[in-house]
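Below is coords03.cif, which holds mmCIF, C-alpha atoms.
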```cif
data_model
#
loop_
_atom_site.label_atom_id
_atom_site.label_comp_id
_atom_site.auth_asym_id
_atom_site.auth_seq_id
_atom_site.Cartn_x
_atom_site.Cartn_y
_atom_site.Cartn_z
CA MET B 1 2.01 -49.11 -64.32
CA THR B 2 -0.09 -45.97 -64.29
CA SER B 3 1.51 -42.53 -64.43
CA HIS B 4 0.08 -39.03 -64.09
CA THR B 5 1.04 -36.07 -66.21
CA LEU B 6 0.91 -32.53 -64.78
CA LEU B 7 0.33 -30.85 -68.15
CA PRO B 8 -2.73 -31.73 -70.25
CA GLU B 9 -2.28 -33.05 -73.76
CA PRO B 10 -3.50 -30.84 -76.64
CA THR B 11 -7.08 -31.54 -77.66
CA ARG B 12 -8.68 -31.24 -81.06
CA HIS B 13 -12.16 -30.13 -81.88
CA PRO B 14 -14.22 -32.83 -83.57
CA GLU B 15 -14.90 -30.63 -86.55
CA SER B 16 -11.25 -29.77 -87.07
CA PRO B 17 -9.40 -32.13 -89.43
CA GLY B 18 -6.02 -33.46 -88.40
CA PRO B 19 -2.86 -32.67 -90.31
CA ASP B 20 -2.61 -34.00 -93.85
CA THR B 21 0.20 -36.53 -94.02
CA SER B 22 -0.01 -37.17 -97.74
CA GLY B 23 3.35 -35.57 -98.36
CA PRO B 24 6.22 -33.89 -96.55
CA ASP B 25 5.49 -30.47 -98.07
CA THR B 26 1.73 -30.51 -97.68
CA ARG B 27 0.11 -28.38 -94.92
CA THR B 28 -3.54 -27.76 -94.16
CA THR B 29 -4.62 -24.33 -92.93
CA ASP B 30 -8.04 -23.86 -91.36
CA ILE B 31 -9.70 -20.45 -91.66
CA PRO B 32 -11.75 -19.87 -88.52
CA GLY B 33 -15.35 -19.04 -89.04
CA PRO B 34 -17.52 -16.71 -86.94
CA GLY B 35 -17.35 -17.64 -83.24
CA THR B 36 -14.52 -20.11 -83.80
CA PRO B 37 -11.35 -19.59 -81.72
CA GLY B 38 -8.54 -18.24 -83.86
CA PRO B 39 -4.87 -19.17 -83.72
CA ASP B 40 -4.19 -16.46 -81.11
CA THR B 41 -7.06 -17.49 -78.84
CA LEU B 42 -6.27 -19.72 -75.86
CA THR B 43 -9.15 -21.56 -74.26
CA THR B 44 -8.64 -23.18 -70.84
CA ASP B 45 -10.81 -25.03 -68.43
CA ALA B 46 -10.68 -24.20 -64.69
CA PRO B 47 -8.92 -26.96 -62.77
CA GLY B 48 -11.14 -29.03 -60.55
CA PRO B 49 -11.86 -32.61 -59.57
CA GLY B 50 -11.17 -34.95 -62.42
CA THR B 51 -8.87 -32.59 -64.35
CA ARG B 52 -5.26 -33.32 -65.25
CA LEU B 53 -4.09 -30.94 -62.45
CA ALA B 54 -5.72 -33.00 -59.71
CA PRO B 55 -2.51 -34.98 -58.94
CA ALA B 56 -0.55 -31.73 -58.69
CA GLU B 57 -3.12 -30.27 -56.31
CA GLU B 58 -2.94 -33.41 -54.19
CA LEU B 59 0.85 -33.13 -53.95
CA LEU B 60 0.66 -29.43 -53.07
CA THR B 61 -1.86 -30.17 -50.33
CA LEU B 62 0.52 -32.71 -48.83
CA LEU B 63 3.44 -30.27 -48.96
CA ARG B 64 1.38 -27.56 -47.26
CA THR B 65 0.31 -29.85 -44.43
CA THR B 66 2.50 -29.06 -41.41
CA THR B 67 2.28 -29.29 -37.65
CA THR B 68 3.31 -26.87 -34.89
CA GLU B 69 5.06 -27.15 -31.56
CA PRO B 70 5.24 -24.67 -28.67
CA ARG B 71 8.45 -22.70 -28.77
CA PRO B 72 9.44 -19.34 -27.23
CA ASP B 73 9.95 -16.57 -29.76
CA GLU B 74 11.26 -13.33 -28.26
CA GLN B 75 10.86 -11.41 -31.52
CA LEU B 76 7.22 -12.41 -31.89
CA GLU B 77 6.63 -11.75 -28.19
CA ALA B 78 7.96 -8.20 -28.53
CA LEU B 79 5.92 -7.66 -31.69
CA THR B 80 2.74 -8.86 -29.96
CA LEU B 81 3.22 -6.59 -26.96
CA ALA B 82 3.86 -3.53 -29.13
CA VAL B 83 0.74 -4.26 -31.20
CA ALA B 84 -1.32 -4.85 -28.04
CA ALA B 85 -0.07 -1.49 -26.75
CA ASP B 86 -1.58 0.14 -29.87
CA LEU B 87 1.79 1.42 -31.07
CA PRO B 88 2.72 1.39 -34.77
CA VAL B 89 5.40 -1.23 -35.38
CA LEU B 90 7.90 -1.39 -38.23
CA LEU B 91 9.37 -4.85 -38.81
CA TRP B 92 12.78 -4.71 -40.50
CA GLY B 93 14.39 -7.69 -42.18
CA GLU B 94 16.11 -8.95 -45.30
CA PRO B 95 13.94 -10.25 -48.17
CA GLY B 96 12.64 -13.75 -47.58
CA ILE B 97 13.32 -13.70 -43.83
CA GLY B 98 9.66 -14.36 -42.93
CA LYS B 99 8.27 -10.92 -42.03
CA THR B 100 4.94 -11.50 -43.77
CA ALA B 101 4.64 -14.99 -42.26
CA ALA B 102 5.25 -13.57 -38.77
CA LEU B 103 2.54 -10.94 -39.24
CA THR B 104 0.12 -13.51 -40.63
CA GLN B 105 0.72 -15.68 -37.57
CA LEU B 106 0.28 -12.64 -35.33
CA ALA B 107 -3.06 -11.72 -36.93
CA ALA B 108 -4.30 -15.29 -36.52
CA SER B 109 -3.14 -15.41 -32.88
CA LEU B 110 -4.90 -12.12 -32.07
CA ASP B 111 -7.99 -13.11 -34.09
CA LEU B 112 -7.71 -9.98 -36.24
CA PRO B 113 -8.47 -9.85 -39.98
CA LEU B 114 -5.32 -8.93 -41.93
CA THR B 115 -5.48 -6.13 -44.51
CA THR B 116 -2.33 -5.81 -46.62
CA VAL B 117 -1.53 -2.58 -48.47
CA ILE B 118 1.65 -2.40 -50.57
CA ALA B 119 2.78 1.15 -49.87
CA SER B 120 5.16 1.36 -52.83
CA VAL B 121 2.45 0.80 -55.49
CA HIS B 122 0.08 3.47 -54.17
CA GLU B 123 -0.18 7.18 -54.79
CA PRO B 124 -0.25 9.76 -51.98
CA SER B 125 -3.97 10.31 -52.64
CA ASP B 126 -4.60 6.65 -51.75
CA PHE B 127 -3.74 7.54 -48.15
CA SER B 128 -4.71 11.22 -47.91
CA GLY B 129 -7.98 10.72 -49.82
CA LEU B 130 -9.38 11.81 -53.18
CA PRO B 131 -11.28 15.11 -53.37
CA ILE B 132 -14.96 14.58 -54.17
CA VAL B 133 -17.01 17.61 -55.19
CA GLY B 134 -20.46 17.62 -53.58
CA ASP B 135 -23.65 19.56 -54.27
CA ASP B 136 -22.47 22.80 -52.69
CA PRO B 137 -18.70 22.82 -52.18
CA ALA B 138 -18.72 26.49 -51.16
CA VAL B 139 -20.83 25.61 -48.13
CA GLN B 140 -20.05 21.97 -47.43
CA GLY B 141 -16.44 21.98 -48.59
CA VAL B 142 -14.72 19.25 -50.59
CA PRO B 143 -14.45 15.98 -48.63
CA MET B 144 -11.55 13.59 -49.13
CA ALA B 145 -12.89 10.17 -50.06
CA PRO B 146 -11.02 7.22 -48.47
CA PRO B 147 -9.92 4.12 -50.40
CA GLN B 148 -11.85 0.87 -50.29
CA TRP B 149 -9.50 -0.91 -47.87
CA ALA B 150 -10.04 1.81 -45.27
CA VAL B 151 -13.82 1.57 -45.65
CA ARG B 152 -13.65 -2.19 -45.11
CA LEU B 153 -11.62 -1.73 -41.92
CA VAL B 154 -14.15 0.75 -40.56
CA ARG B 155 -17.02 -1.58 -41.33
CA ALA B 156 -15.25 -4.48 -39.62
CA GLY B 157 -14.44 -2.32 -36.58
CA ARG B 158 -11.10 -4.08 -36.02
CA GLY B 159 -8.18 -5.49 -37.95
CA LEU B 160 -4.45 -5.48 -38.54
CA LEU B 161 -3.42 -2.97 -41.21
CA PHE B 162 -0.19 -4.24 -42.78
CA LEU B 163 1.75 -1.59 -44.74
CA ASP B 164 4.25 -3.66 -46.72
CA GLU B 165 7.37 -2.57 -48.61
CA LEU B 166 7.54 0.72 -46.73
CA SER B 167 11.17 1.40 -47.60
CA THR B 168 10.32 1.43 -51.33
CA ALA B 169 7.60 4.07 -50.93
CA THR B 170 8.50 7.47 -52.37
CA PRO B 171 8.94 10.46 -50.05
CA ALA B 172 5.55 11.81 -51.18
CA VAL B 173 3.83 8.56 -50.16
CA GLN B 174 5.72 8.53 -46.86
CA ALA B 175 4.45 12.05 -46.15
CA ALA B 176 0.88 10.93 -46.87
CA LEU B 177 1.31 8.03 -44.43
CA LEU B 178 2.09 10.31 -41.47
CA ARG B 179 -1.57 10.78 -40.46
CA VAL B 180 -2.42 7.16 -41.19
CA VAL B 181 0.29 5.83 -38.87
CA LEU B 182 -0.12 8.20 -35.94
CA GLU B 183 -3.65 9.61 -36.10
CA ARG B 184 -5.23 6.62 -37.90
CA LYS B 185 -6.94 8.94 -40.37
CA VAL B 186 -7.34 8.07 -44.06
CA GLY B 187 -8.78 11.05 -45.90
CA ALA B 188 -11.85 12.16 -43.96
CA LEU B 189 -12.23 8.72 -42.37
CA ARG B 190 -10.88 7.79 -38.94
CA LEU B 191 -9.98 4.15 -38.39
CA PRO B 192 -11.64 2.58 -35.33
CA PRO B 193 -9.66 1.89 -32.10
CA GLY B 194 -9.72 -1.82 -32.85
CA VAL B 195 -7.38 -1.37 -35.84
CA ARG B 196 -3.65 -1.86 -35.27
CA VAL B 197 -0.95 -0.67 -37.68
CA VAL B 198 2.10 -2.77 -38.57
CA ALA B 199 4.58 -2.13 -41.38
CA ALA B 200 7.44 -4.08 -42.91
CA ALA B 201 10.51 -2.89 -44.75
CA ASN B 202 13.76 -4.14 -46.21
CA PRO B 203 17.02 -2.29 -45.55
CA ARG B 204 17.75 0.21 -48.29
CA ALA B 205 20.67 -1.85 -49.59
CA SER B 206 18.41 -4.85 -50.26
CA ALA B 207 15.21 -3.03 -51.20
CA ALA B 208 14.06 -2.64 -54.80
CA ASP B 209 14.70 1.03 -55.57
CA GLY B 210 14.69 1.72 -51.84
CA TRP B 211 14.48 5.00 -49.96
CA GLU B 212 15.50 5.93 -46.45
CA LEU B 213 12.54 6.59 -44.20
CA SER B 214 11.89 10.23 -43.45
CA PRO B 215 12.62 11.17 -39.81
CA PRO B 216 8.99 12.19 -39.03
CA LEU B 217 7.69 8.83 -40.26
CA ALA B 218 10.47 6.77 -38.64
CA ASN B 219 9.94 8.42 -35.26
CA ARG B 220 6.31 7.29 -35.24
CA PHE B 221 7.24 3.59 -35.24
CA VAL B 222 8.62 1.05 -32.81
CA HIS B 223 11.41 -0.55 -34.84
CA LEU B 224 11.86 -4.31 -34.47
CA HIS B 225 14.31 -6.43 -36.45
CA ARG B 226 13.43 -9.89 -37.72
CA VAL B 227 16.27 -12.42 -37.98
CA HIS B 228 16.03 -16.11 -38.71
CA ASP B 229 16.73 -18.95 -36.31
CA ARG B 230 18.55 -21.81 -38.06
CA GLU B 231 16.93 -24.51 -35.94
CA VAL B 232 13.47 -23.08 -36.51
CA VAL B 233 14.00 -22.94 -40.29
CA VAL B 234 15.32 -26.49 -40.47
CA ARG B 235 12.50 -27.94 -38.37
CA GLY B 236 9.93 -25.86 -40.25
CA LEU B 237 11.08 -27.13 -43.64
CA GLY B 238 10.79 -30.60 -42.15
CA GLY B 239 7.13 -29.95 -41.43
CA VAL B 240 7.19 -28.70 -37.81
CA TRP B 241 6.92 -24.93 -37.31
CA PRO B 242 7.01 -23.20 -33.92
CA ARG B 243 3.85 -22.04 -32.19
CA ALA B 244 4.75 -18.97 -30.19
CA GLN B 245 3.38 -18.54 -26.68
CA LEU B 246 1.91 -15.06 -26.70
CA PRO B 247 2.41 -12.97 -23.53
CA GLN B 248 -0.55 -12.30 -21.27
CA VAL B 249 -0.86 -9.13 -19.20
CA ASP B 250 -1.85 -9.45 -15.55
CA PRO B 251 -4.55 -6.89 -14.58
CA SER B 252 -3.50 -7.07 -10.93
CA ARG B 253 -0.12 -5.58 -11.89
CA PHE B 254 -1.46 -2.63 -13.89
CA PRO B 255 -1.04 0.09 -11.19
CA GLU B 256 2.44 -1.17 -10.30
CA ALA B 257 3.46 -1.37 -13.97
CA VAL B 258 2.33 2.18 -14.78
CA ALA B 259 4.03 3.63 -11.69
CA LEU B 260 7.28 1.81 -12.42
CA ALA B 261 7.36 2.85 -16.08
CA ARG B 262 6.75 6.52 -15.32
CA ARG B 263 9.24 6.59 -12.47
CA ALA B 264 11.92 4.88 -14.55
CA VAL B 265 11.67 7.11 -17.63
CA CYS B 266 11.21 10.38 -15.70
CA GLY B 267 14.09 9.60 -13.35
CA PHE B 268 16.35 8.67 -16.24
CA LEU B 269 15.58 11.82 -18.25
CA LYS B 270 16.20 14.00 -15.20
CA ALA B 271 19.69 12.50 -15.03
CA ARG B 272 20.21 12.55 -18.84
CA PRO B 273 18.27 15.59 -20.12
CA THR B 274 20.29 15.72 -23.35
CA LEU B 275 18.59 12.49 -24.44
CA ILE B 276 15.07 13.93 -24.36
CA HIS B 277 15.44 14.83 -28.03
CA ARG B 278 18.43 13.85 -30.12
CA LEU B 279 18.06 13.72 -33.91
CA PRO B 280 20.82 11.53 -35.41
CA SER B 281 23.26 13.20 -37.77
CA SER B 282 23.30 10.50 -40.47
CA GLU B 283 20.43 9.91 -42.88
CA THR B 284 20.41 6.17 -42.27
CA ARG B 285 20.09 6.49 -38.50
CA ARG B 286 17.36 9.10 -38.87
CA GLY B 287 15.32 6.42 -40.61
CA GLY B 288 15.45 4.22 -37.49
CA ALA B 289 14.68 4.59 -33.81
CA TRP B 290 15.88 7.75 -32.04
CA PRO B 291 14.89 9.59 -28.85
CA SER B 292 12.20 12.28 -28.86
CA PRO B 293 9.35 13.16 -26.50
CA ARG B 294 7.08 11.07 -28.73
CA SER B 295 9.32 8.00 -28.62
CA TRP B 296 9.88 8.36 -24.85
CA GLU B 297 6.11 8.29 -24.43
CA ALA B 298 6.13 5.04 -26.39
CA ALA B 299 8.88 3.75 -24.10
CA VAL B 300 6.71 4.43 -21.05
CA THR B 301 3.87 2.46 -22.64
CA LEU B 302 6.13 -0.45 -23.58
CA LEU B 303 7.71 -0.60 -20.11
CA ALA B 304 4.25 -0.72 -18.54
CA PHE B 305 3.06 -3.49 -20.85
CA GLY B 306 6.28 -5.46 -20.42
CA THR B 307 6.05 -5.23 -16.63
CA ALA B 308 2.38 -6.22 -16.61
CA ALA B 309 3.18 -9.22 -18.82
CA SER B 310 6.31 -10.18 -16.81
CA VAL B 311 8.38 -10.50 -19.99
CA SER B 312 12.06 -11.34 -19.96
CA ARG B 313 14.77 -8.71 -19.96
CA ASP B 314 15.66 -9.59 -23.56
CA VAL B 315 12.11 -8.89 -24.75
CA LEU B 316 12.03 -5.64 -22.79
CA ALA B 317 15.35 -4.63 -24.37
CA LEU B 318 13.96 -5.24 -27.87
CA LEU B 319 10.98 -3.01 -27.12
CA VAL B 320 12.82 -0.12 -25.45
CA ARG B 321 15.64 -0.05 -28.01
CA GLY B 322 13.06 -0.21 -30.79
CA ALA B 323 11.40 2.92 -29.43
CA VAL B 324 14.30 5.25 -28.55
CA GLY B 325 17.34 3.64 -30.18
CA ASP B 326 20.12 1.35 -29.01
CA GLY B 327 22.20 3.77 -26.93
CA PRO B 328 19.41 5.52 -24.99
CA GLY B 329 17.54 2.25 -24.65
CA LEU B 330 20.48 0.44 -23.06
CA GLU B 331 21.08 3.37 -20.70
CA LEU B 332 17.43 3.28 -19.65
CA LEU B 333 17.65 -0.46 -18.94
CA ALA B 334 20.76 0.09 -16.81
CA HIS B 335 18.93 2.83 -14.93
CA LEU B 336 15.99 0.48 -14.46
CA ASP B 337 18.29 -2.10 -12.88
CA ARG B 338 19.70 0.44 -10.47
CA MET B 339 16.22 1.52 -9.39
CA ASP B 340 15.92 -1.77 -7.51
CA LEU B 341 19.19 -1.28 -5.66
CA PRO B 342 18.94 -1.09 -1.85
CA ASP B 343 19.17 2.33 -0.27
CA PRO B 344 22.79 2.83 0.88
CA GLU B 345 21.60 4.52 4.08
CA THR B 346 19.55 1.41 4.89
CA LEU B 347 22.63 -0.76 4.40
CA LEU B 348 24.74 1.52 6.62
CA ALA B 349 22.08 1.52 9.34
CA ASP B 350 22.12 -2.28 9.72
CA PRO B 351 25.15 -3.81 7.98
CA ALA B 352 24.78 -7.22 9.63
CA SER B 353 21.45 -7.91 7.91
CA ALA B 354 22.22 -6.12 4.63
CA GLU B 355 20.53 -7.74 1.62
CA LEU B 356 22.68 -7.22 -1.48
CA PRO B 357 21.72 -8.03 -5.09
CA GLU B 358 22.74 -11.43 -6.41
CA ARG B 359 23.80 -10.21 -9.85
CA GLY B 360 27.42 -9.14 -9.97
CA ASP B 361 27.06 -5.77 -11.67
CA LEU B 362 24.16 -4.75 -9.41
CA ARG B 363 26.06 -5.84 -6.31
CA GLN B 364 29.02 -3.74 -7.43
CA ALA B 365 26.70 -0.75 -8.00
CA ALA B 366 25.22 -1.14 -4.50
CA LEU B 367 28.69 -1.18 -2.92
CA GLU B 368 29.72 1.89 -4.91
CA ALA B 369 26.59 3.66 -3.67
CA VAL B 370 27.61 2.85 -0.08
CA VAL B 371 31.08 4.30 -0.67
CA ALA B 372 29.58 7.42 -2.24
CA ALA B 373 27.17 7.89 0.66
CA VAL B 374 29.97 7.73 3.22
CA GLY B 375 32.11 10.07 1.13
CA ALA B 376 29.25 12.61 1.05
CA ARG B 377 29.01 12.55 4.88
CA PRO B 378 32.26 11.16 6.28
CA GLU B 379 31.90 10.08 9.91
CA ARG B 380 33.77 7.35 11.76
CA GLU B 381 30.60 5.39 12.58
CA ARG B 382 29.54 5.47 8.96
CA TRP B 383 33.06 4.50 7.85
CA GLU B 384 33.01 1.45 10.15
CA ALA B 385 29.49 0.56 8.97
CA ALA B 386 30.67 0.73 5.35
CA TRP B 387 33.44 -1.76 6.08
CA ALA B 388 30.88 -4.00 7.75
CA VAL B 389 28.80 -3.87 4.56
CA LEU B 390 31.87 -4.86 2.56
CA VAL B 391 32.46 -7.78 4.91
CA ARG B 392 28.83 -8.79 4.46
CA ALA B 393 29.32 -8.71 0.70
CA LEU B 394 32.46 -10.83 1.08
CA GLU B 395 30.56 -13.41 3.11
CA THR B 396 27.61 -13.65 0.72
CA GLY B 397 29.24 -13.15 -2.69
CA ALA B 398 32.40 -13.25 -4.77
CA PRO B 399 35.35 -11.50 -3.07
CA ASP B 400 36.62 -9.98 -6.32
CA LEU B 401 33.67 -7.58 -6.24
CA LEU B 402 35.04 -5.79 -3.17
CA VAL B 403 36.55 -2.86 -5.04
CA ALA B 404 36.07 0.61 -3.63
CA ARG B 405 37.12 4.02 -4.84
CA ARG B 406 40.68 4.95 -3.90
CA ARG B 407 40.40 7.92 -1.63
CA ARG B 408 41.42 8.86 1.93
CA TRP B 409 38.99 7.95 4.66
CA PRO B 410 38.67 9.83 7.94
CA GLY B 411 40.94 8.49 10.62
CA CYS B 412 43.18 6.64 8.20
CA GLY B 413 46.23 8.15 6.57
CA ALA B 414 46.05 5.84 3.58
CA THR B 415 43.81 5.12 0.66
CA THR B 416 40.83 2.78 0.89
CA GLY B 417 42.66 -0.15 -0.65
CA ARG B 418 45.59 0.12 1.80
CA CYS B 419 43.20 0.51 4.78
CA ARG B 420 41.35 -2.61 3.67
CA ARG B 421 44.55 -4.63 3.47
CA ARG B 422 45.73 -3.30 6.85
CA TRP B 423 42.33 -3.99 8.48
CA SER B 424 42.07 -7.50 7.06
CA GLY B 425 45.60 -8.37 8.10
#
```
Spell out the structure here as structure tokens.
Amino acid sequence: MTSHTLLPEPTRHPESPGPDTSGPDTRTTDIPGPGTPGPDTLTTDAPGPGTRLAPAEELLTLLRTTTTEPRPDEQLEALTLAVAADLPVLLWGEPGIGKTAALTQLAASLDLPLTTVIASVHEPSDFSGLPIVGDDPAVQGVPMAPPQWAVRLVRAGRGLLFLDELSTATPAVQAALLRVVLERKVGALRLPPGVRVVAAANPRASAADGWELSPPLANRFVHLHRVHDREVVVRGLGGVWPRAQLPQVDPSRFPEAVALARRAVCGFLKARPTLIHRLPSSETRRGGAWPSPRSWEAAVTLLAFGTAASVSRDVLALLVRGAVGDGPGLELLAHLDRMDLPDPETLLADPASAELPERGDLRQAALEAVVAAVGARPERERWEAAWAVLVRALETGAPDLLVARRRRWPGCGATTGRCRRRWSG
């Protein structure tokens, strides 16, 4: 039976004598001559075909051989859309959750070379540039020389710049990153339009000597959170990893998508002007997503891209909440739903053919809008038309949705609920 060993056996030089075994207390010491490796010198041969490490390399190759299967991934879909929209993205997640693997897969899917820069091991000058004195600084000034990774990105003309370990970068480094993230400038060098910026960070509690992100830097990012899927992990460790289906934008929907996004955000902010700019009070929340004119502009872009790509509501929620925060983002999504509600005056004009939303909450909102419209201009014809709309809703949907505001209607000396019971017998 033949066996392989992963560690090579020690070898002796032909000119070196073996140990003297003439007696238990006898030892032989060789004094190295010129050019001879001494006792503190380790000589190794590079592993290759025919070496003792070949079996180990063969086993590693087998372990690294996996297959893929198509599987929806809402997190990766949201990440791809934000990167395609040329918005800086910050991917949050616990250590070992797969942030780097997701970004590697994204770069391969978009056919972009990946450039990784560990933010925490760099100095501020690595992002703002090093001053280089020229021939005549009084006339030409002192240019700021960019680092090598930035020069390589400019030469390539495209790429995915991955700023890793952002939450362990010092405040001085975070300040130097402001222009890199938003203006794409590194020293005196401007990165080309084909370069996208993505960062990754661990929460402060699980980061090595972590810092909270400064509010100016945090507000420049779309914040997405990476969590693991148990089924995906189990199947992946078994050799089958998911292959995400990346969203595709439809050029025919571009004008509609832009108009919808602008109308939704502008209409929402007119109704909720206090959310145009709201800096959170706690330091932790300031390091995340929060509403500002800059982040609302990002929300408009993300809504347009999501509409053009016909993404699901869950993906759209990840994007909008990642731009302006959970609370404002959810309010915007609710406003977006209500934008598609039928005009209450149209429903009152022809109750018999009224088309009401299928979803329960939207149907309830449409009925409440009808009640509000009649209350704003109370006339008997409109009151009768409103009841006809309620009957239409009863015929086409769940009856428990027929709940109107309790108030007195013209021509009836009782509240709405009592009139409804009296009218229905």
Considering all atoms listed in the file, return as a list in words whatever protein or nucleic-acid residues lie within 9 Å of B:Leu178, sequence-local ones (same chain, fewer than 6 positions apart) excluded.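 These residues fall inside the cut-off: Arg184, Pro216, Leu217 and Arg220 of chain B.
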d(atom CA of B:Leu390, atom CA of B:Pro351) in Å: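 Taking atom CA of B:Leu390 as the start and atom CA of B:Pro351 as the end point, the length is 8.7 Å.
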Applied to this file, what does the PyMOL selection byres ((chain B and resi 225) around 6) return in terms of residues, put as a ChimeraX atom specification? /B:91-93,224,226
Resolved residues for the PyMOL selection byres ((chain B and resi 259) around 12) as number ranges by chain: B: 253-258, 260-267, 300-301, 303-305, 307-308
Would you pick out the contacts of B:Ala349 at 9 Å or less, using only C-alpha atoms, so that residues sharing its chain but fewer than 3 positions from it are not included, and give the list as a list of chain:residue names?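 Residues near the query, excluding close chain neighbours: B:Pro344, B:Glu345, B:Thr346, B:Ala354, B:Arg382, B:Ala385.
The gap separating atom CA of B:Pro72 from atom CA of B:Ala244 is 5.6 Å, in Å to one decimal.
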Selected residue, from B:Met144, B:Leu394, B:Arg380, B:Pro193, that lies nearest to B:Gln364 when counting only C-alpha atoms: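 Distance minimum relative to B:Gln364 lands on B:Leu394.
Residue nearest B:Ala365, chosen from B:Glu331, B:Asp343, B:Asp126, B:Glu165 and counting only C-alpha atoms: B:Asp343.
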Env of stretch 76-79 of chain B: 9 Å cut, atoms = all atoms listed in the file, seq-sep filter 2 positions within chain, self excluded. Answer as a ChimeraX atom specification. /B:72-74,81-84,89,91,102-103,106,224,226,244-247,306,311,315-316,318-319
Counting all atoms listed in the file, which residue out of B:Ala309, B:Val151, B:Glu231, B:Phe127 sits closest to B:Gly187?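 Residue with the minimum atom-to-atom distance to B:Gly187: B:Phe127.
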One decimal, in Å: what's the spacing between atom CA of B:Leu362 and atom CA of B:Arg321? 21.0 Å
Starting from the displayed file, determine the output of the PyMOL selection byres ((chain B and resi 323) around 12) and express the residue list as an NGL selection string. :B and (78 or 82 or 87-90 or 218-224 or 288-303 or 316-322 or 324-330 or 332)
Which one is closest to B:Pro171: B:Ala108, B:Val198, B:Val186, B:Ala119? Count all atoms listed in the file.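 Using all atoms listed in the file, the shortest distance to B:Pro171 belongs to B:Ala119.
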Determine, counting only C-alpha atoms, which protein, DNA and RNA residues have an atom within 12 Å of an atom of B:Gly98; residues of the same chain fewer than 6 positions away are not included. Present the result as a short mmCIF file (atom, residue, chain, number, x, y, z; two decimals) with C-alpha atoms, keeping the file's coordinate frame.
```
data_model
loop_
_atom_site.label_atom_id
_atom_site.label_comp_id
_atom_site.auth_asym_id
_atom_site.auth_seq_id
_atom_site.Cartn_x
_atom_site.Cartn_y
_atom_site.Cartn_z
CA GLN B 75 10.86 -11.41 -31.52
CA LEU B 76 7.22 -12.41 -31.89
CA LEU B 91 9.37 -4.85 -38.81
CA TRP B 92 12.78 -4.71 -40.50
CA THR B 104 0.12 -13.51 -40.63
CA GLN B 105 0.72 -15.68 -37.57
CA ALA B 200 7.44 -4.08 -42.91
CA ALA B 201 10.51 -2.89 -44.75
CA ASN B 202 13.76 -4.14 -46.21
CA HIS B 225 14.31 -6.43 -36.45
CA ARG B 226 13.43 -9.89 -37.72
CA VAL B 227 16.27 -12.42 -37.98
CA HIS B 228 16.03 -16.11 -38.71
CA ASP B 229 16.73 -18.95 -36.31
CA VAL B 232 13.47 -23.08 -36.51
CA VAL B 233 14.00 -22.94 -40.29
CA GLY B 236 9.93 -25.86 -40.25
#
```
Padding of 6 Å on every side, edges along x, y and z, all listed atoms of stretch 202-216 of chain B included: what centre and edge lengths in Å, to one decimal, does that box have, as lines of an AutoDock Vina configuration file?
```
center_x = 14.8
center_y = 3.7
center_z = -47.3
size_x = 23.7
size_y = 29.0
size_z = 28.5
```
If we count all atoms listed in the file, what is near B:Val154 at a cut-off of 8 Å, once residues fewer than 3 positions away on the same chain are taken out, given as a VMD selection string? chain B and resid 150 to 151 157 to 158 190 to 192
I need the chosen residues saved as a PDB file, in the coordinates of the input, with C-alpha atoms.
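Below you can see again17.pdb, which holds the result:
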```
ATOM      1  CA  ALA B 150     -10.040   1.810 -45.270  1.00  0.00           C
ATOM      2  CA  VAL B 151     -13.820   1.570 -45.650  1.00  0.00           C
ATOM      3  CA  GLY B 157     -14.440  -2.320 -36.580  1.00  0.00           C
ATOM      4  CA  ARG B 158     -11.100  -4.080 -36.020  1.00  0.00           C
ATOM      5  CA  ARG B 190     -10.880   7.790 -38.940  1.00  0.00           C
ATOM      6  CA  LEU B 191      -9.980   4.150 -38.390  1.00  0.00           C
ATOM      7  CA  PRO B 192     -11.640   2.580 -35.330  1.00  0.00           C
TER       8      PRO B 192
END
```
When you write stretch 250-256 of chain B out from the block above, keep N, CA and C atoms and present the result as a PDB file, in the first residue's frame, please.
```
ATOM      1  N   ASP B 250     -34.684  47.998 -18.891  1.00  0.00           N
ATOM      2  CA  ASP B 250     -35.387  48.029 -20.172  1.00  0.00           C
ATOM      3  C   ASP B 250     -35.346  49.457 -20.718  1.00  0.00           C
ATOM      4  N   PRO B 251     -34.603  49.716 -21.804  1.00  0.00           N
ATOM      5  CA  PRO B 251     -34.505  51.091 -22.325  1.00  0.00           C
ATOM      6  C   PRO B 251     -35.850  51.701 -22.688  1.00  0.00           C
ATOM      7  N   SER B 252     -36.821  50.883 -23.066  1.00  0.00           N
ATOM      8  CA  SER B 252     -38.123  51.431 -23.440  1.00  0.00           C
ATOM      9  C   SER B 252     -38.859  52.045 -22.245  1.00  0.00           C
ATOM     10  N   ARG B 253     -38.426  51.698 -21.028  1.00  0.00           N
ATOM     11  CA  ARG B 253     -39.104  52.210 -19.834  1.00  0.00           C
ATOM     12  C   ARG B 253     -38.358  53.385 -19.198  1.00  0.00           C
ATOM     13  N   PHE B 254     -37.284  53.842 -19.815  1.00  0.00           N
ATOM     14  CA  PHE B 254     -36.483  54.909 -19.208  1.00  0.00           C
ATOM     15  C   PHE B 254     -37.290  56.184 -18.962  1.00  0.00           C
ATOM     16  N   PRO B 255     -37.997  56.746 -19.965  1.00  0.00           N
ATOM     17  CA  PRO B 255     -38.757  57.989 -19.691  1.00  0.00           C
ATOM     18  C   PRO B 255     -39.793  57.809 -18.593  1.00  0.00           C
ATOM     19  N   GLU B 256     -40.524  56.682 -18.635  1.00  0.00           N
ATOM     20  CA  GLU B 256     -41.523  56.412 -17.591  1.00  0.00           C
ATOM     21  C   GLU B 256     -40.880  56.281 -16.220  1.00  0.00           C
TER      22      GLU B 256
END
```
